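Text of query-v7.tsv (TSV, C-alpha atoms and all ligand atoms) as supplied:
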```tsv
chain	number	residue	atom	x	y	z
C	261	MET	CA	-18.91	54.54	32.65
C	262	LEU	CA	-19.58	51.04	33.88
C	263	ALA	CA	-22.93	51.66	35.55
C	264	MET	CA	-24.98	54.58	36.77
C	265	ARG	CA	-27.35	52.64	39.05
C	266	SER	CA	-27.02	53.79	42.64
C	267	ASP	CA	-27.65	50.24	43.93
C	268	PHE	CA	-24.76	48.81	41.90
C	269	GLN	CA	-21.24	48.29	43.14
C	270	LEU	CA	-18.20	47.41	41.08
C	271	LEU	CA	-15.99	45.30	43.33
C	272	ASP	CA	-12.62	46.83	42.61
C	273	GLY	CA	-9.94	44.29	43.42
C	274	LYS	CA	-7.15	46.71	42.52
C	275	LEU	CA	-8.38	49.17	45.13
C	276	VAL	CA	-8.71	46.54	47.86
C	277	ALA	CA	-5.30	45.13	46.92
C	278	ARG	CA	-3.70	48.57	47.17
C	279	LYS	CA	-5.17	49.17	50.62
C	280	LEU	CA	-3.93	45.82	51.88
C	281	ARG	CA	-0.46	46.32	50.39
C	282	ASP	CA	-0.21	49.75	52.05
C	283	ALA	CA	-0.99	48.08	55.35
C	284	PHE	CA	1.86	45.58	54.83
C	285	ALA	CA	4.48	48.33	55.14
C	286	SER	CA	4.66	48.41	58.94
C	287	ARG	CA	4.93	44.61	59.14
C	288	ILE	CA	7.72	44.59	56.55
C	289	ASP	CA	9.54	47.35	58.49
C	290	ARG	CA	9.24	45.42	61.75
C	291	LEU	CA	10.82	42.37	60.09
C	292	ARG	CA	13.55	44.50	58.50
C	293	GLU	CA	14.52	45.78	61.94
C	294	LEU	CA	15.23	42.15	62.81
C	295	GLY	CA	17.30	41.73	59.65
C	296	ILE	CA	14.59	39.72	57.87
C	297	VAL	CA	13.40	40.45	54.34
C	298	PRO	CA	10.42	38.27	53.41
C	299	GLY	CA	11.44	36.11	50.47
C	300	LEU	CA	9.58	33.99	47.95
C	301	ALA	CA	10.97	31.32	45.62
C	302	VAL	CA	8.83	30.59	42.57
C	303	ILE	CA	9.26	27.41	40.56
C	304	LEU	CA	8.12	27.76	36.97
C	305	VAL	CA	8.23	24.68	34.76
C	306	GLY	CA	7.93	25.15	31.00
C	307	ASP	CA	6.91	28.06	28.83
C	308	ASP	CA	3.15	28.40	29.16
C	309	PRO	CA	2.62	32.07	28.19
C	310	ALA	CA	-0.10	32.72	30.79
C	311	SER	CA	2.03	31.21	33.58
C	312	ARG	CA	5.00	33.38	32.53
C	313	VAL	CA	2.82	36.49	32.76
C	314	TYR	CA	1.50	35.47	36.21
C	315	VAL	CA	5.03	34.81	37.46
C	316	ARG	CA	6.30	38.13	36.10
C	317	ASN	CA	3.41	39.98	37.77
C	318	LYS	CA	4.18	38.30	41.09
C	319	GLU	CA	7.87	39.19	40.79
C	320	ARG	CA	7.03	42.85	40.11
C	321	ALA	CA	4.61	43.06	43.02
C	322	PHE	CA	7.25	41.67	45.43
C	323	GLN	CA	9.98	43.96	44.06
C	324	LYS	CA	7.73	47.01	44.46
C	325	LEU	CA	7.57	46.31	48.19
C	326	GLY	CA	11.31	45.63	48.41
C	327	LEU	CA	10.76	41.91	49.06
C	328	VAL	CA	12.81	39.03	47.69
C	329	SER	CA	11.28	37.09	44.81
C	330	ASP	CA	13.43	34.66	42.83
C	331	VAL	CA	12.19	32.58	39.92
C	332	TYR	CA	13.59	29.08	39.31
C	333	HIS	CA	12.70	28.44	35.69
C	334	LEU	CA	12.96	24.81	34.62
C	335	ASP	CA	12.63	23.23	31.23
C	336	SER	CA	9.20	21.88	30.25
C	337	ASN	CA	10.62	18.32	30.31
C	338	ALA	CA	12.19	18.68	33.78
C	339	SER	CA	11.91	15.43	35.71
C	340	GLN	CA	9.86	14.87	38.86
C	341	GLU	CA	13.11	14.06	40.73
C	342	ARG	CA	14.77	17.33	39.67
C	343	ILE	CA	11.80	19.36	40.92
C	344	LEU	CA	11.62	17.45	44.21
C	345	GLU	CA	15.36	18.00	44.72
C	346	LEU	CA	14.99	21.72	44.06
C	347	ILE	CA	12.14	21.94	46.57
C	348	GLU	CA	14.29	20.19	49.19
C	349	GLU	CA	17.04	22.78	48.60
C	350	LEU	CA	14.58	25.67	48.84
C	351	ASN	CA	13.05	24.22	52.00
C	352	GLU	CA	16.52	24.51	53.59
C	353	ASN	CA	17.37	27.95	52.17
C	354	GLN	CA	16.79	30.61	54.85
C	355	LYS	CA	16.50	33.37	52.26
C	356	TYR	CA	13.04	32.05	51.40
C	357	HIS	CA	10.06	32.12	53.73
C	358	GLY	CA	7.68	31.00	51.01
C	359	ILE	CA	7.85	28.62	48.05
C	360	LEU	CA	5.35	28.57	45.23
C	361	VAL	CA	5.08	26.13	42.36
C	362	GLN	CA	3.31	27.80	39.45
C	363	LEU	CA	0.38	25.64	38.34
C	364	PRO	CA	-0.60	23.99	36.09
C	365	LEU	CA	2.43	21.74	35.70
C	366	PRO	CA	3.23	19.79	32.52
C	367	SER	CA	1.18	16.58	32.44
C	368	HIS	CA	4.13	14.18	33.00
C	369	LEU	CA	4.58	15.57	36.53
C	370	ASN	CA	2.83	14.45	39.72
C	371	GLU	CA	1.41	17.70	41.08
C	372	PHE	CA	0.29	16.30	44.42
C	373	GLU	CA	3.72	14.84	45.24
C	374	ILE	CA	5.40	18.13	44.29
C	375	ILE	CA	3.10	20.29	46.44
C	376	GLU	CA	3.42	17.84	49.32
C	377	ARG	CA	7.22	18.11	49.24
C	378	ILE	CA	7.11	21.84	50.05
C	379	SER	CA	7.58	22.35	53.77
C	380	PRO	CA	4.15	23.30	55.22
C	381	ASP	CA	6.03	26.15	56.96
C	382	LYS	CA	7.00	27.58	53.55
C	383	ASP	CA	3.72	26.94	51.78
C	384	ALA	CA	3.15	30.40	50.24
C	385	ASP	CA	0.11	29.26	48.28
C	386	GLY	CA	-1.57	27.70	51.32
C	387	ILE	CA	-2.35	24.50	49.41
C	388	HIS	CA	-0.18	21.92	51.18
C	389	PRO	CA	-2.41	19.07	52.41
C	390	CYS	CA	-1.34	19.81	56.03
C	391	ASN	CA	-2.41	23.43	55.73
C	392	ILE	CA	-5.66	22.51	53.99
C	393	GLY	CA	-6.37	20.26	56.99
C	394	LEU	CA	-5.57	23.08	59.41
C	395	MET	CA	-7.77	25.46	57.46
C	396	ALA	CA	-10.64	22.97	57.37
C	397	THR	CA	-10.50	22.70	61.15
C	398	GLY	CA	-10.29	26.47	61.65
C	399	GLN	CA	-6.65	26.62	62.79
C	400	ASP	CA	-4.07	29.32	62.09
C	401	CYS	CA	-2.25	28.60	58.80
C	402	PRO	CA	-1.46	30.19	55.44
C	403	LEU	CA	-4.73	30.29	53.47
C	404	PRO	CA	-5.05	29.58	49.75
C	405	CYS	CA	-4.48	32.92	48.03
C	406	THR	CA	-7.45	33.22	45.68
C	407	PRO	CA	-10.14	32.18	48.22
C	408	HIS	CA	-8.50	34.39	50.85
C	409	GLY	CA	-8.53	37.31	48.40
C	410	ILE	CA	-12.23	36.75	47.73
C	411	LEU	CA	-12.95	36.90	51.49
C	412	LYS	CA	-11.06	40.20	51.67
C	413	ILE	CA	-13.15	41.67	48.82
C	414	LEU	CA	-16.39	40.62	50.55
C	415	GLU	CA	-15.11	42.09	53.83
C	416	HIS	CA	-13.94	45.35	52.28
C	417	TYR	CA	-17.32	46.01	50.64
C	418	GLU	CA	-19.17	44.81	53.78
C	419	LEU	CA	-21.11	42.23	51.80
C	420	GLU	CA	-22.90	40.04	54.31
C	421	VAL	CA	-22.02	36.36	54.07
C	422	GLU	CA	-23.64	34.92	57.20
C	423	GLY	CA	-26.85	33.04	56.41
C	424	ARG	CA	-26.52	33.74	52.69
C	425	HIS	CA	-26.69	31.06	50.02
C	426	VAL	CA	-23.32	30.99	48.29
C	427	VAL	CA	-23.06	28.96	45.11
C	428	ILE	CA	-19.56	28.17	43.88
C	429	VAL	CA	-19.22	26.85	40.34
C	430	GLY	CA	-15.93	24.93	40.14
C	431	ARG	CA	-14.39	22.48	42.62
C	432	SER	CA	-10.65	22.88	42.06
C	433	ASN	CA	-8.24	22.35	44.96
C	434	ILE	CA	-6.99	25.94	44.70
C	435	VAL	CA	-10.28	27.83	44.37
C	436	GLY	CA	-13.66	26.11	44.67
C	437	LYS	CA	-13.03	23.57	47.44
C	438	PRO	CA	-11.04	25.78	49.84
C	439	LEU	CA	-13.40	28.71	49.30
C	440	ALA	CA	-16.33	26.50	50.26
C	441	LEU	CA	-14.52	25.48	53.47
C	442	LEU	CA	-13.76	29.09	54.37
C	443	LEU	CA	-17.26	30.39	53.70
C	444	MET	CA	-18.91	27.67	55.77
C	445	GLN	CA	-16.58	28.12	58.75
C	446	LYS	CA	-18.25	28.98	62.05
C	447	ARG	CA	-16.91	32.51	62.30
C	448	SER	CA	-16.84	35.74	60.37
C	449	PRO	CA	-16.54	35.94	57.42
C	450	GLY	CA	-18.37	32.65	57.11
C	451	ASN	CA	-21.54	30.99	58.35
C	452	ALA	CA	-22.80	30.82	54.77
C	453	THR	CA	-24.85	28.00	53.31
C	454	VAL	CA	-22.60	26.75	50.53
C	455	THR	CA	-23.42	24.77	47.41
C	456	ILE	CA	-20.65	23.57	45.11
C	457	CYS	CA	-21.33	22.87	41.42
C	458	HIS	CA	-19.12	21.27	38.79
C	459	SER	CA	-19.25	19.86	35.28
C	460	LYS	CA	-21.48	16.95	36.31
C	461	THR	CA	-24.02	19.13	38.14
C	462	LYS	CA	-27.55	18.81	36.83
C	463	ASN	CA	-29.78	21.88	36.56
C	464	LEU	CA	-26.86	24.27	36.99
C	465	LYS	CA	-28.94	27.30	36.05
C	466	GLU	CA	-31.60	26.47	38.62
C	467	ILE	CA	-28.97	26.29	41.37
C	468	THR	CA	-26.97	29.39	40.38
C	469	SER	CA	-30.22	31.37	40.10
C	470	SER	CA	-30.85	30.75	43.79
C	471	ALA	CA	-27.49	32.20	44.87
C	472	ASP	CA	-27.23	35.35	46.94
C	473	ILE	CA	-23.52	35.22	46.21
C	474	LEU	CA	-22.36	33.44	43.06
C	475	VAL	CA	-18.68	32.58	42.63
C	476	VAL	CA	-17.60	31.25	39.24
C	477	ALA	CA	-14.25	29.49	38.69
C	478	ILE	CA	-14.56	27.22	35.67
C	479	GLY	CA	-12.17	28.58	33.04
C	480	LYS	CA	-14.85	28.99	30.33
C	481	PRO	CA	-14.94	32.45	28.75
C	482	GLU	CA	-18.19	34.32	29.51
C	483	TYR	CA	-20.07	31.06	30.12
C	484	ILE	CA	-22.35	32.47	32.82
C	485	ASP	CA	-24.77	34.98	31.36
C	486	GLU	CA	-27.65	36.86	32.99
C	487	SER	CA	-29.98	33.84	32.78
C	488	TYR	CA	-27.85	32.07	35.46
C	489	VAL	CA	-28.03	34.92	37.95
C	490	LYS	CA	-30.65	36.11	40.45
C	491	ASN	CA	-31.68	39.77	40.49
C	492	GLY	CA	-29.62	41.65	43.06
C	493	ALA	CA	-27.03	38.89	43.57
C	494	VAL	CA	-23.34	39.45	44.27
C	495	VAL	CA	-21.11	37.87	41.61
C	496	ILE	CA	-17.44	37.00	42.02
C	497	ASP	CA	-15.80	36.08	38.72
C	498	VAL	CA	-12.56	34.15	39.24
C	499	GLY	CA	-12.14	33.12	35.60
C	500	THR	CA	-9.18	34.47	33.69
C	501	ASN	CA	-9.40	33.53	30.03
C	502	ARG	CA	-7.37	34.83	27.11
C	503	ILE	CA	-9.39	35.36	23.98
C	504	GLU	CA	-7.99	36.44	20.65
C	505	ASP	CA	-8.44	40.11	19.83
C	506	SER	CA	-6.63	41.46	16.81
C	507	SER	CA	-7.53	45.04	17.79
C	508	VAL	CA	-5.06	45.02	20.68
C	509	GLN	CA	-1.29	45.01	20.43
C	510	ASN	CA	-0.56	41.66	22.06
C	511	GLY	CA	-3.36	39.93	20.12
C	512	TYR	CA	-5.49	38.87	23.06
C	513	ARG	CA	-7.61	40.23	25.89
C	514	LEU	CA	-8.69	38.78	29.21
C	515	VAL	CA	-12.28	37.92	29.99
C	516	GLY	CA	-13.87	36.19	32.94
C	517	ASP	CA	-16.17	33.19	33.17
C	518	VAL	CA	-19.09	35.61	33.52
C	519	LYS	CA	-20.56	37.72	30.73
C	520	PHE	CA	-19.89	40.99	32.49
C	521	SER	CA	-21.77	43.34	30.13
C	522	SER	CA	-25.18	41.71	30.60
C	523	VAL	CA	-24.80	40.31	34.12
C	524	LYS	CA	-23.83	43.67	35.61
C	525	GLU	CA	-27.28	45.02	34.66
C	526	LYS	CA	-28.96	42.49	36.91
C	527	VAL	CA	-26.75	42.25	39.97
C	528	ARG	CA	-25.98	44.30	43.05
C	529	ALA	CA	-22.22	43.88	42.79
C	530	ILE	CA	-19.70	42.15	40.55
C	531	THR	CA	-15.92	41.81	40.17
C	532	PRO	CA	-14.51	42.83	36.79
C	533	VAL	CA	-11.92	40.85	34.81
C	534	PRO	CA	-9.23	42.03	34.80
C	535	GLY	CA	-9.03	44.06	38.02
C	536	GLY	CA	-11.18	41.92	40.32
C	537	VAL	CA	-9.93	38.70	41.90
C	538	GLY	CA	-6.57	38.65	40.06
C	539	PRO	CA	-4.85	41.48	41.98
C	540	MET	CA	-6.14	39.99	45.23
C	541	THR	CA	-4.50	36.62	44.55
C	542	ILE	CA	-1.06	38.25	44.23
C	543	THR	CA	-1.71	40.39	47.29
C	544	MET	CA	-2.58	37.38	49.42
C	545	LEU	CA	0.60	35.67	48.21
C	546	ILE	CA	2.54	38.63	49.59
C	547	TYR	CA	0.42	38.41	52.75
C	548	ASN	CA	1.30	34.72	53.18
C	549	THR	CA	5.02	35.34	52.60
C	550	ILE	CA	5.06	38.07	55.26
C	551	TYR	CA	3.01	35.85	57.59
C	552	LEU	CA	5.46	32.94	57.13
C	553	ALA	CA	8.45	35.26	57.71
C	554	GLU	CA	6.82	36.50	60.91
C	555	LYS	CA	6.30	32.92	62.02
C	556	THR	CA	10.00	32.09	61.57
C	557	ALA	CA	10.81	35.17	63.68
C	558	ALA	CA	8.11	34.14	66.19
C	559	LEU	CA	6.43	37.55	65.78
C	560	PRO	CA	2.72	37.92	66.46
C	561	LYS	CA	0.59	38.72	63.38
C	601	LIG	N1	-7.96	35.41	39.18
C	601	LIG	C1	-7.14	34.57	39.79
C	601	LIG	O1	-6.30	34.92	40.58
C	601	LIG	C2	-7.29	33.11	39.49
C	601	LIG	C3	-6.75	32.15	40.35
C	601	LIG	C4	-6.97	30.80	40.07
C	601	LIG	C5	-7.69	30.45	38.92
C	601	LIG	N2	-8.15	31.43	38.09
C	601	LIG	C6	-8.96	31.13	36.90
C	601	LIG	O2	-10.17	30.56	37.35
C	601	LIG	C7	-10.63	29.59	36.42
C	601	LIG	C8	-10.78	28.27	37.14
C	601	LIG	O3	-9.52	27.81	37.57
C	601	LIG	P1	-9.34	26.57	38.55
C	601	LIG	O4	-7.89	26.26	38.59
C	601	LIG	O5	-10.10	26.80	39.79
C	601	LIG	O6	-10.18	25.47	37.78
C	601	LIG	P2	-9.90	24.04	37.16
C	601	LIG	O7	-8.94	23.26	37.98
C	601	LIG	O8	-9.69	24.20	35.70
C	601	LIG	O9	-11.34	23.44	37.40
C	601	LIG	C9	-12.46	23.94	36.75
C	601	LIG	C10	-13.69	23.56	37.52
C	601	LIG	O10	-14.83	24.03	36.82
C	601	LIG	C11	-15.75	22.97	36.62
C	601	LIG	N3	-16.41	23.19	35.34
C	601	LIG	C12	-15.85	23.25	34.11
C	601	LIG	N4	-16.81	23.47	33.18
C	601	LIG	C13	-17.98	23.57	33.86
C	601	LIG	C14	-19.31	23.80	33.45
C	601	LIG	N5	-19.63	23.97	32.18
C	601	LIG	N6	-20.26	23.83	34.39
C	601	LIG	C15	-19.97	23.66	35.69
C	601	LIG	N7	-18.72	23.44	36.15
C	601	LIG	C16	-17.73	23.39	35.22
C	601	LIG	C17	-14.91	21.70	36.60
C	601	LIG	O11	-15.72	20.60	36.94
C	601	LIG	P3	-15.09	19.10	37.13
C	601	LIG	O12	-14.43	19.12	38.48
C	601	LIG	O13	-16.29	18.24	37.08
C	601	LIG	O14	-14.13	18.91	36.00
C	601	LIG	C18	-13.87	22.04	37.67
C	601	LIG	O15	-14.36	21.74	38.96
C	601	LIG	C19	-9.59	29.62	35.30
C	601	LIG	O16	-10.02	30.55	34.31
C	601	LIG	C20	-8.35	30.14	35.97
C	601	LIG	O17	-7.46	30.77	35.05
C	601	LIG	C21	-7.97	32.75	38.36
```
So that I can check it, write out the structure of this file as structure tokens.
Ligand SMILES: NC(=O)c1ccc[n+]([C@@H]2O[C@H](COP(=O)([O-])OP(=O)(O)OC[C@H]3O[C@@H](n4cnc5c(N)ncnc54)[C@H](OP(=O)(O)O)[C@@H]3O)[C@@H](O)[C@H]2O)c1
Amino acid sequence: MLAMRSDFQLLDGKLVARKLRDAFASRIDRLRELGIVPGLAVILVGDDPASRVYVRNKERAFQKLGLVSDVYHLDSNASQERILELIEELNENQKYHGILVQLPLPSHLNEFEIIERISPDKDADGIHPCNIGLMATGQDCPLPCTPHGILKILEHYELEVEGRHVVIVGRSNIVGKPLALLLMQKRSPGNATVTICHSKTKNLKEITSSADILVVAIGKPEYIDESYVKNGAVVIDVGTNRIEDSSVQNGYRLVGDVKFSSVKEKVRAITPVPGGVGPMTITMLIYNTIYLAEKTAALPK
């Protein structure tokens, strides 16, 4: 048993993901009646084991719903030009409503230029600079998957955001920054007071200890222990870190950026790793692909 306290809630991302995916069925059917099957093209460069697992999980999730998901796997030394050319082809290919480039890319590649080349109308990850601009100004657009998934978890468990102090540790373009923009927006879920921390933040513990909602996305296994967390806070652990574990068959296990075992004793609610934010990220990728397919068919959401 994870916890017996009646005031404690495990934020089950798998459960929320399942509910959302069930609700996709009618939208997928409506598109099918028009002869449209939402399709995603994934570009994977190189052989990073974690990226391969993420891509395989995405493929499976799409296949389970009968959606198209094709992986374009390029060599780790693929040139910038080759990737840009491929994106141009995929932009034109009507089979695909969404394109995703699996990050991180090998260091010789210019990530910004690659993301920018994806048509904003096929931006399945919601991270094209045009869409980030639309999101920042509160317009309709595909939202970045992980931050969007976090909003859905908060909504599902009716965790109040308005007026709360949200501290986000990590300022990446795919998690920390867009999540801050979404949580401070002047509508629900939003209206939070947001503080962003990063590796140059001074007095990190002092700031995180004042959070009503603490989101951690730093990529450091179990870095945040109970001393960083206020009693009764809500904790969202985005971190996904592989650590060696010879007791399991594949030789590793996944842990978050938060020390779950001790932090859960102090907080009101927390996401586990695995089974928290991860399943939501894939679900919101499916959401975006359906949303983009509906846009091409000029269907209302
Ligand atoms: N579950 C999911 O679906 C999902 C999705 C995306 C990412 N992730 C995971 O989330 C983690 C973060 O990924 P990311 O791509 O957002 O991050 P990233 O690009 O690696 O950036 C890490 C951020 O954490 C900050 N940071 C690092 N060490 C810190 C410390 N000791 N104290 C305070 N801040 C610190 C960095 O600060 P600087 O900016 O100063 O360098 C940076 O802003 C990774 O484990 C990743 O695998 C999971």
Taking only residues of chain C that have an atom at most 6 Å from an atom of ligand LIG 601 (chain C), what is each one's shortest atom pair and its distance in Å to one decimal, using only C-alpha atoms and all ligand atoms, in chain and number order, as a tab-separated table?
```
residue	atom	partner	partner_atom	distance
C:Thr406	CA	C:LIG601	C3	5.5
C:Val429	CA	C:LIG601	N7	5.4
C:Gly430	CA	C:LIG601	O10	3.6
C:Arg431	CA	C:LIG601	O15	3.7
C:Ser432	CA	C:LIG601	O7	4.4
C:Ile434	CA	C:LIG601	O5	5.9
C:Val435	CA	C:LIG601	O5	4.7
C:Cys457	CA	C:LIG601	N7	5.9
C:His458	CA	C:LIG601	N7	3.4
C:Ser459	CA	C:LIG601	N7	3.7
C:Lys460	CA	C:LIG601	O13	5.4
C:Ala477	CA	C:LIG601	C8	4.0
C:Ile478	CA	C:LIG601	O10	3.4
C:Gly479	CA	C:LIG601	O16	3.2
C:Val498	CA	C:LIG601	O2	4.7
C:Gly499	CA	C:LIG601	O16	3.6
C:Thr500	CA	C:LIG601	O16	4.1
C:Asn501	CA	C:LIG601	O16	5.3
C:Val537	CA	C:LIG601	N1	4.7
C:Gly538	CA	C:LIG601	N1	3.6
C:Thr541	CA	C:LIG601	O1	4.7
```
Write out as a PyMOL selection string which residues come within 10 Å of Arg278 in chain C when counting all atoms listed in the file, dropping same-chain ones fewer than 6 positions away. chain C and resi 284+539-540+543
Please determine, counting only C-alpha atoms, which residue among C:Pro481, C:Pro402, C:Gly536, C:Gly358 has the shortest atom-to-atom distance to Val302 in chain C.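 Looking at the shortest contact to Val302 in chain C, the residue is C:Gly358.
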CA of Ile359 in chain C and CA of Lys382 in chain C, how far apart in Å?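 Value for the CA of Lys382 in chain C-CA of Ile359 in chain C distance: 5.7 Å.
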Could you name the residues that touch Phe322 in chain C at 10 Å or less, counting all atoms listed in the file, but leaving out those on the same chain fewer than 2 positions away, as JSON, numbers by chain? {"C": [298, 299, 300, 317, 318, 319, 320, 324, 325, 326, 327, 328, 329, 330, 542, 543, 545, 546, 549]}
Which of these residues is nearest to Ala310 in chain C, using only C-alpha atoms: C:Gly393, C:Pro364, C:Pro560, C:Gly295?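 Looking at the shortest contact to Ala310 in chain C, the residue is C:Pro364.
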Quote the spacing between CA of Leu275 in chain C and CA of Val495 in chain C in Å to one decimal place. 17.4 Å
So, with only C-alpha atoms as the atoms that count, which of C:Val508, C:Ala553, C:Ala529, C:Ala452 lies closest to Tyr417 in chain C?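 Of C:Val508, C:Ala553, C:Ala529, C:Ala452, the one nearest Tyr417 in chain C is C:Ala529, counting only C-alpha atoms.
Using only C-alpha atoms, the shortest contact distance between Asn337 in chain C and any of C:Gln362, C:Asn353, C:Ser522, C:Ser367 is found at C:Ser367.
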Students should find that CA of Gln323 in chain C and CA of Thr556 in chain C are spaced 21.2 Å
Nearest residue to Lys412 in chain C out of C:Pro532, C:Pro389, C:Gly436, C:Pro449, using only C-alpha atoms?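 Of all the options, C:Pro449 lies closest to Lys412 in chain C.
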What's the 8 Å shell around Asn451 in chain C, counting only C-alpha atoms, without same-chain residues fewer than 6 positions away, as a PyMOL selection string? chain C and resi 421-423+443-445
